[in-house]
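Notes to accompany the following structure.
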Amino acid sequence: MEQEPLKEGQRTLSAMKRPHGAILLLVLALPILVATAGLSAWLAMFTETSIFGLSIPYAIGIVGLLQTVLMFFMMMTILIPYERYIKNTNTTIEQVAKKGEHYVQAMIGSSLGFWDYAPQTRMLFFSSHMMSLLGYPEADRVTDIDFWYQHIHPEDLEGVKRTMAAHLDHRTPEYWIEYRIRRTNDEYVWVADRGRATLDGAGKSIRLSGITEDITNVKRVQEVLESRTNELQEATGAIEREIQNVRKFQKAVDASTEAVSITTPDGAIIYVNPAWTILNGYTVSEAVGRNHRMLKNSQTKQEVFIAMWEKISSGVSFVSEEIVNTRKDQTVYQADLSIFPIRENNQNLFYVSISQDITQRKEIDRAKTEFVSLASHQLRTPLSAIRWYSEMLLSKYVGELNDKQRQYVKEIYAGNLRMVELVNALLNVSRIDLGTFAVEPEPVNLVEICESVIMELTPQINEKQQTVERIFASAPQTYSADQKLIRIVFQNFLSNSVKYTQPGGHVVAEISTREGSVYIRVSDNGYGIPKAQHGKIFEKLFRADNVRQKDTEGTGLGMYIVKAIVESSGGSIWFESEENQGTTFHVLMPLTGMTKKSGFKGLT
Amino acid sequence: MDSTKRTILVLEDERQLAMAVREAFTERGFTPIIVPTVEEAITQLESNAQHIDVIWLDHYLLGSENGLDFVVKVRANEAWSRIPIFVVSNTASTTNIRAYIQLGVENYYTKADYDINQIINDIEYALAHRDEKPAA
C-alpha cells in the first residue's frame, strides 16, 4: 500500500528469497582446503616418484587444480545469489527511502508542520516547519511533550489531550483536532492537527505522527461566513417584516373609501384601489397601464392642469377642488384631488393620487351659499324700508315730531341699524365658514384706512371725550391688502376700544414693521376682558359678560371675522387684557401682503 | 314740467321701498318715475330720454332682465349713456359689483347700509358737478 512504505518494503524483502549458501561455503571451504593440503603433502612425502603413472609434482598440480576448480565453482554458485540479493536489498531500501522522500518533500512543499511522538518515552519530534509555525527558528527539534502542552491554549488543552488519548486507545480511527497554540510572540493561532498512530505487532500504539496546519485563514473565512449568514438571516427577517408592513398598508389603502391611484412619472397607472374603480367605473385591469388622462373632462380649467404639472414635476404636492372628471359611463363628477410625488435623490419615482367625489358637497355648498345670499337679501329689504321710513320721519318730511315721538323713532332707527349690522356680520361669517369669501389684494395705505376709520368714530370719541394716540412712524408706505377686509380689521378693533372704554379713556393705534411682518396694535385702558373669558373671545356671537351689562349693542361676531381675515393670509392675532385695566390686540401679517384668494363673494 | 326739477328714473320692484324712494325724492325736489321692470324703463327712455337726469337702479327686478342687462342697453345707446346711473341694491355679490363698475355706473350702494338722504346727497353732488363739465 502506498501509505505504508515500510511494510511494503519489508514485504518486498521477505518476498525475495534470502540465499543460504554462505553457511555451506563456510562449512565446506575448510575441509576442502585441508583435504587438498593433506593430499598434496601425502603425495609429496609418502609417495614414490609417481602415482597412477603421473609424476609426483604433476599429481600435486592436478590436486591443486582440482581444489581451485572446486572452490571456484562453489563460490560462483554461492556468492552470485548473494550479490543479487544485496543489489535487490539496496534497491528496495532506496525505493522505501524514496517513498519516504516523497512524503517529506510533500510536507516541505506544503509548509505543514510535521511532528512525531513516542508515547512511551514522551519524546516529541518537531520538524523545522513545525518550529517556524510556532515562531521559533527553523530547525528540527527534539523535545518532550510538555513543551508542546505549554504552548496549547489553556482552554483547549484538555480537549487535545483527550482526543490524542482516544486515538492512541484505538477509539478513533484518526487523530484530528483544532485548537489554539501560542507562538513566540504570545499570539494564539488556530491550528489543526491530523495524525495516525503506528502500531507494533501486538496492535499497541507505539508512535503518533502527523501534521499541524495553520488554519487562521480557514477560521477567518469561517467567521466571515458565519457573520454573513447571520446578516443574511437578519436581512431576510427584515425583508419579511417590511413585506408584512407593506401588506398592512396595502390593506389599508384597499379598504379606504377615498380613491387612491399610483402612477409612474409619465402618468401611466400602476395601481388603483377598489374605491377608485367604484368611483370611476373602470376595473383594475382596464385602468392599469392606461394614462390618467382618460378621466380628463374639458370642464376642468386649463390653469388647473398647468399648475398641477408645474408642482408635481418639481416634487411639490398639489391639491385642488376644481377638478371635473368623466367616468367610464360618460357621467361627469366634480372631484377634489391631492397628488403626492414620491421622490428619491431629487427624482420623482411615482405619484400617489387621492381623490373624492365632491359633486354633492359642492352642490350643498352652493345651495348654502345661495341660501345665505338670498336670505340676507330678503332680510335687508325690510330693514332698508324701516331705515328709510324712520329716517324720513325724523327729518320732518311728513311733519314735526314731538320730543317723545322723536325719541321713540330714534330707538326704532337705532334698533334697525343693529339688525343691519347683524345681518351683514352673519353674511360675512357664513362666507368665512363656507370658504367662499374672496381676498383681492391691492396696494393700500394702512395709515389712511386707519385714519378714515377713526374719523368715522369721531362722534363717539368726542362724545365720550376719549383721546386717540397714533403711532405710525414706521408704518409701511404701501401694503398689499384687500381694502375692504383690512378696513374691517381696523373697524372692529377701534370701535371695540371706543365702545368698551369709559369716558375720558385713552386709545392707542399703532402700525409698524417688525422682522418681515407688518404689525398692528390697538390698545385701550377700558373695561378689559375677564380672564375666565379670554379663551372665548374669538368665538362666534360671544360677548364678554362685563360689557354685555354695560352696553347691549354688539354682534359678538366681529372678532371671529377679524381672526379669519388675519389668518387666511398667514397672519397671527393675539391679545392681552385685564378687567378694568384695558385691552391690547396685536396683529402680525406677512410683509409680502395678503394672500389672493378667489371666492364667490367679498365680505361686506 | 318744472324745468328746475330734476327727473329721476327709478327701477325698483319692492313696493314698500319704491314708495319711500318716491316720497324722499319728491321732498328733495325731484320728479321720480318709478318702474318695476327693465322693459318699462326702456319705454320711458325711448319716449323721454332728454328729460331724465339720473337713474336709480336696483339689481333684482320683475321680469326676466336684471339691472346689469339694463345698464348694457343704456350704454349701448349714445343718447342715453350720458345719464348717470346709481345702483342701489341689497345684493353684495362682488362679481356683480365689479361688473357694474366696469360698465361705468356712477356708484354702487348696499341699500340697508345707507340713509336715503346720504344717497340723495351724493346724487345731487354728482349732478351739480356734471353740469359744470362740458357736455359729452
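In the C-alpha cells, the first chain shown is A, the next is B, and so on; residue numbers restart at 1 for each chain, and ligands run from 1 in the order shown.
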
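Applying a distance limit of 8 Å to only C-alpha atoms, the residues of chain B near chain A read Gln16, Leu17, Ala20, Ala24, Glu27, Asn90, Thr91, Ala92, Ser93, Thr94, Thr95, Lys111, Ala112, Asp113, Asp115 and Ile116 of chain B.
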
Excluding A:Thr198 and its own-chain neighbours fewer than 4 positions away, which residues fall within 10 Å of it when counting only C-alpha atoms? Please give them as a list of chain:residue names.
A:Ala118, A:Leu168, A:Gly203, A:Lys204, A:Ser205, A:Ile206, A:Arg207, A:Leu208, A:Ser209

Using only N, CA and C atoms, please write the residues we just selected to a file, as a short mmCIF file (atom, residue, chain, number, x, y, z; two decimals), in the first residue's frame.
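Once everything was written out, this is result.cif:
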```cif
data_model
loop_
_atom_site.label_atom_id
_atom_site.label_comp_id
_atom_site.auth_asym_id
_atom_site.auth_seq_id
_atom_site.Cartn_x
_atom_site.Cartn_y
_atom_site.Cartn_z
N ALA A 118 6.55 9.75 20.58
CA ALA A 118 6.65 8.38 21.11
C ALA A 118 6.05 8.38 22.50
N LEU A 168 -5.01 7.04 20.46
CA LEU A 168 -3.99 6.07 20.84
C LEU A 168 -4.63 4.79 21.39
N GLY A 203 -0.40 -4.63 18.17
CA GLY A 203 -1.54 -3.72 17.97
C GLY A 203 -1.53 -2.57 18.94
N LYS A 204 -0.46 -2.37 19.66
CA LYS A 204 -0.40 -1.26 20.61
C LYS A 204 0.19 -0.06 19.90
N SER A 205 -0.26 1.12 20.26
CA SER A 205 0.26 2.34 19.65
C SER A 205 1.63 2.64 20.20
N ILE A 206 2.59 2.65 19.30
CA ILE A 206 3.93 2.95 19.77
C ILE A 206 4.41 4.31 19.29
N ARG A 207 3.76 4.84 18.29
CA ARG A 207 4.14 6.14 17.77
C ARG A 207 2.90 6.88 17.31
N LEU A 208 2.95 8.18 17.42
CA LEU A 208 1.89 9.00 16.81
C LEU A 208 2.59 10.05 15.96
N SER A 209 2.29 10.05 14.67
CA SER A 209 2.91 11.07 13.83
C SER A 209 1.83 11.77 13.00
#
```

Name all residues at most 9 Å from stretch 49-59 of chain B (count only C-alpha atoms; drop same-chain ones fewer than 4 positions away) and give them as a PyMOL selection string.
chain B and resi 6-13+44-45+66-68+70-71+79-80+82-91+96+123+127

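If you measure from each of A:Thr184, A:Thr212, A:Thr458, A:Ser338 to A:Phe126 using only C-alpha atoms, the closest one turns out to be A:Thr212.
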
Can you list, as a list in words, every protein, DNA or RNA residue that comes within 8 Å of stretch 522-534 of chain A when you count only C-alpha atoms, leaving out same-chain residues fewer than 5 positions away?
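These residues fall inside the cut-off: Phe493, Leu494, Ser497, Tyr500, Thr501, Gln502, Gly505, His506, Val507, Val508, Ala509, Glu510, Ala544, Asn546, Val547, Ser577, Glu578, Glu579, Asn580, Gln581, Gly582, Thr583, Thr584, Phe585 and His586 of chain A.
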
Now that the selection is made, can you save its residues with N, CA and C atoms as an mmCIF file, in the first residue's frame?
```
data_model
loop_
_atom_site.group_PDB
_atom_site.id
_atom_site.type_symbol
_atom_site.label_atom_id
_atom_site.label_comp_id
_atom_site.auth_asym_id
_atom_site.auth_seq_id
_atom_site.Cartn_x
_atom_site.Cartn_y
_atom_site.Cartn_z
ATOM 1 N N PHE A 493 -61.389 96.616 15.734
ATOM 2 C CA PHE A 493 -60.513 96.947 16.864
ATOM 3 C C PHE A 493 -60.871 98.313 17.444
ATOM 4 N N LEU A 494 -60.953 99.312 16.555
ATOM 5 C CA LEU A 494 -61.118 100.673 17.033
ATOM 6 C C LEU A 494 -62.507 100.894 17.624
ATOM 7 N N SER A 497 -62.590 99.338 20.994
ATOM 8 C CA SER A 497 -61.888 100.127 22.001
ATOM 9 C C SER A 497 -62.717 101.319 22.442
ATOM 10 N N TYR A 500 -65.858 100.025 24.381
ATOM 11 C CA TYR A 500 -65.651 99.351 25.655
ATOM 12 C C TYR A 500 -64.627 100.067 26.523
ATOM 13 N N THR A 501 -64.540 101.389 26.368
ATOM 14 C CA THR A 501 -63.699 102.191 27.258
ATOM 15 C C THR A 501 -64.543 103.320 27.843
ATOM 16 N N GLN A 502 -64.278 103.611 29.106
ATOM 17 C CA GLN A 502 -65.060 104.621 29.816
ATOM 18 C C GLN A 502 -64.799 106.015 29.231
ATOM 19 N N GLY A 505 -61.381 107.979 28.553
ATOM 20 C CA GLY A 505 -60.363 106.949 28.372
ATOM 21 C C GLY A 505 -59.418 107.248 27.212
ATOM 22 N N HIS A 506 -58.470 106.313 26.981
ATOM 23 C CA HIS A 506 -57.389 106.571 26.030
ATOM 24 C C HIS A 506 -57.224 105.368 25.108
ATOM 25 N N VAL A 507 -57.121 105.647 23.806
ATOM 26 C CA VAL A 507 -56.953 104.569 22.815
ATOM 27 C C VAL A 507 -55.665 104.820 22.031
ATOM 28 N N VAL A 508 -54.909 103.738 21.807
ATOM 29 C CA VAL A 508 -53.674 103.862 21.030
ATOM 30 C C VAL A 508 -53.779 102.985 19.785
ATOM 31 N N ALA A 509 -53.421 103.574 18.645
ATOM 32 C CA ALA A 509 -53.378 102.770 17.416
ATOM 33 C C ALA A 509 -51.965 102.814 16.878
ATOM 34 N N GLU A 510 -51.379 101.616 16.645
ATOM 35 C CA GLU A 510 -50.002 101.567 16.154
ATOM 36 C C GLU A 510 -49.941 100.729 14.887
ATOM 37 N N ALA A 544 -68.299 89.248 26.060
ATOM 38 C CA ALA A 544 -67.941 89.050 27.465
ATOM 39 C C ALA A 544 -69.016 89.634 28.373
ATOM 40 N N ASN A 546 -68.894 91.325 31.120
ATOM 41 C CA ASN A 546 -68.784 92.669 31.686
ATOM 42 C C ASN A 546 -69.246 93.750 30.717
ATOM 43 N N VAL A 547 -69.065 93.503 29.423
ATOM 44 C CA VAL A 547 -69.514 94.546 28.500
ATOM 45 C C VAL A 547 -70.976 94.363 28.126
ATOM 46 N N SER A 577 -55.331 91.275 28.149
ATOM 47 C CA SER A 577 -56.385 92.103 28.731
ATOM 48 C C SER A 577 -56.570 91.786 30.198
ATOM 49 N N GLU A 578 -56.928 92.840 30.960
ATOM 50 C CA GLU A 578 -57.246 92.628 32.363
ATOM 51 C C GLU A 578 -58.469 93.459 32.701
ATOM 52 N N GLU A 579 -59.365 92.875 33.432
ATOM 53 C CA GLU A 579 -60.628 93.554 33.714
ATOM 54 C C GLU A 579 -60.365 94.892 34.386
ATOM 55 N N ASN A 580 -61.007 95.940 33.836
ATOM 56 C CA ASN A 580 -60.891 97.305 34.335
ATOM 57 C C ASN A 580 -59.522 97.918 34.162
ATOM 58 N N GLN A 581 -58.615 97.213 33.473
ATOM 59 C CA GLN A 581 -57.310 97.811 33.198
ATOM 60 C C GLN A 581 -57.217 98.229 31.747
ATOM 61 N N GLY A 582 -57.756 97.377 30.892
ATOM 62 C CA GLY A 582 -57.679 97.704 29.474
ATOM 63 C C GLY A 582 -57.366 96.466 28.640
ATOM 64 N N THR A 583 -57.347 96.677 27.330
ATOM 65 C CA THR A 583 -57.128 95.570 26.401
ATOM 66 C C THR A 583 -56.174 96.009 25.301
ATOM 67 N N THR A 584 -55.322 95.078 24.862
ATOM 68 C CA THR A 584 -54.468 95.350 23.706
ATOM 69 C C THR A 584 -54.595 94.183 22.733
ATOM 70 N N PHE A 585 -54.901 94.514 21.478
ATOM 71 C CA PHE A 585 -54.929 93.495 20.432
ATOM 72 C C PHE A 585 -53.722 93.668 19.525
ATOM 73 N N HIS A 586 -53.061 92.532 19.176
ATOM 74 C CA HIS A 586 -51.910 92.574 18.276
ATOM 75 C C HIS A 586 -52.205 91.772 17.023
#
```
